[in-house]
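Notes for the one structure printed next.
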Amino acid sequence: MSSGAFAQPAALRPRDGQRIERRRRAVTARRDVSFAGISQKVAIAAAASGMVLTVALPTTAAVVPAEAQVAAAASAEQAEPQPIQAAAGAEVSFDRAALHGKFDPDAKLVEIVSASGGDIVADESKGSLSAPLDHVVMSSPFGTRVSPITGAGELHTGQDMSEACGTAVRAAAAGTVTFAGWHAYGGGNRVVVKHANGLETTYNHLSAMDVTVGQVVDRGEAIARVGSTGASTGCHLHFEVLVDGKNVDPMGWL
């Protein structure tokens, strides 16, 4: 068989390659035109119907699993402050903030008496004196009464407090002892303490006196003992308050 029995393919010409490239570009261009046309038609239809088109773009954010999202939401709810609930009738207490400073009742007493000029209102003086007994049982009050000794009407010049003989009697406020002795007009053993600006307190029917004239005493200091000396029918303390020498109702001060 001769060598010319099988024909060898002819070599590609340079212009054949250019023709192939032009065909490829033409196909790509037609595809782009078709896609653009479709996009325009969709956009026109959406605008006519009032639809809003959203273009989805690729993102680099990681997708959080549903289980993790639920756990995160539960943690956020737990982190929020929760209301405090208590059963009906439960007692709720709050700690008070610390207060710095010290209340001085004797300074308050001086202020009240000084500002009043002798004309003291009960609302202003109430609570400015301390009770002269640790345990107070009120008996005969200040004011007009029938004397338990004479049976005649009289002005009871103080407040009686029933207590066992020998019980400690305490100063109602700080002051100076101006009298400690026998009272000739029914008070028996009597102690008088002078406070600020014409204010005085007296303690009567004492079984014993534990202070002397001129002695300075503090509020609450024991100065005597309950007794039944003088014009008395039993163990008790007859407590008086005087302003500028005039007896006033002690209950307006205690």
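Ordering of the structure tokens sets the chain letters (A, B, ...); residue numbers start at 1 within each chain; ligands are numbered from 1 in the order shown.
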Find the spatial neighbours of Val177 (chain A), counting only C-alpha atoms, within a cut-off of 9 Å - ignore same-chain residues fewer than 3 positions away - and output them as a list of chain:residue names. A:Ala180, A:Val191, A:Val192, A:Val193, A:Lys194, A:Val211, A:Thr212, A:Val213, A:Gly214, A:Gln215, A:Val216, A:Val217
Give me a file of those residues, with C-alpha atoms, as a CSV table (one decimal), in the first residue's frame.
chain,number,residue,atom,x,y,z
A,180,ALA,CA,-30.7,68.7,148.3
A,191,VAL,CA,-33.6,67.4,145.2
A,192,VAL,CA,-33.7,70.4,142.8
A,193,VAL,CA,-31.7,70.4,139.5
A,194,LYS,CA,-31.3,73.6,137.6
A,211,VAL,CA,-26.0,64.3,145.4
A,212,THR,CA,-25.0,67.5,147.1
A,213,VAL,CA,-25.6,71.2,146.3
A,214,GLY,CA,-23.4,72.5,143.5
A,215,GLN,CA,-22.8,69.0,142.0
A,216,VAL,CA,-23.1,68.8,138.2
A,217,VAL,CA,-25.1,65.8,137.0
Neighbouring residues of Gly166 (chain A) were defined as those with any atom within 8 Å, considering only C-alpha atoms; residues of the same chain fewer than 2 positions away were excluded. Please report them as a PyMOL selection string. chain A and resi 164+168+207-208+225-227
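Compared by their closest atoms to Thr176 (chain A), and using only C-alpha atoms, the residues A:Thr201, A:Asn189, A:Asp160, A:Asn247 rank with A:Thr201 nearest.
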Backbone DSSP call of strand (DSSP E) for region 104-209 of chain A, listed as a ChimeraX atom specification: /A:143-146,153-156,159-162,168-170,175-183,188-194,199-206,208-209
Measuring between only C-alpha atoms, which one of A:Asp210, A:Asp218, A:Asp244, A:Asp249 shows the shortest distance to Pro105 (chain A)? A:Asp218
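Residue nearest Glu111 (chain A) within the list A:Ala196, A:Gly127, A:Pro132, A:Leu254: A:Ala196 [criterion: smallest interatomic distance, only C-alpha atoms].
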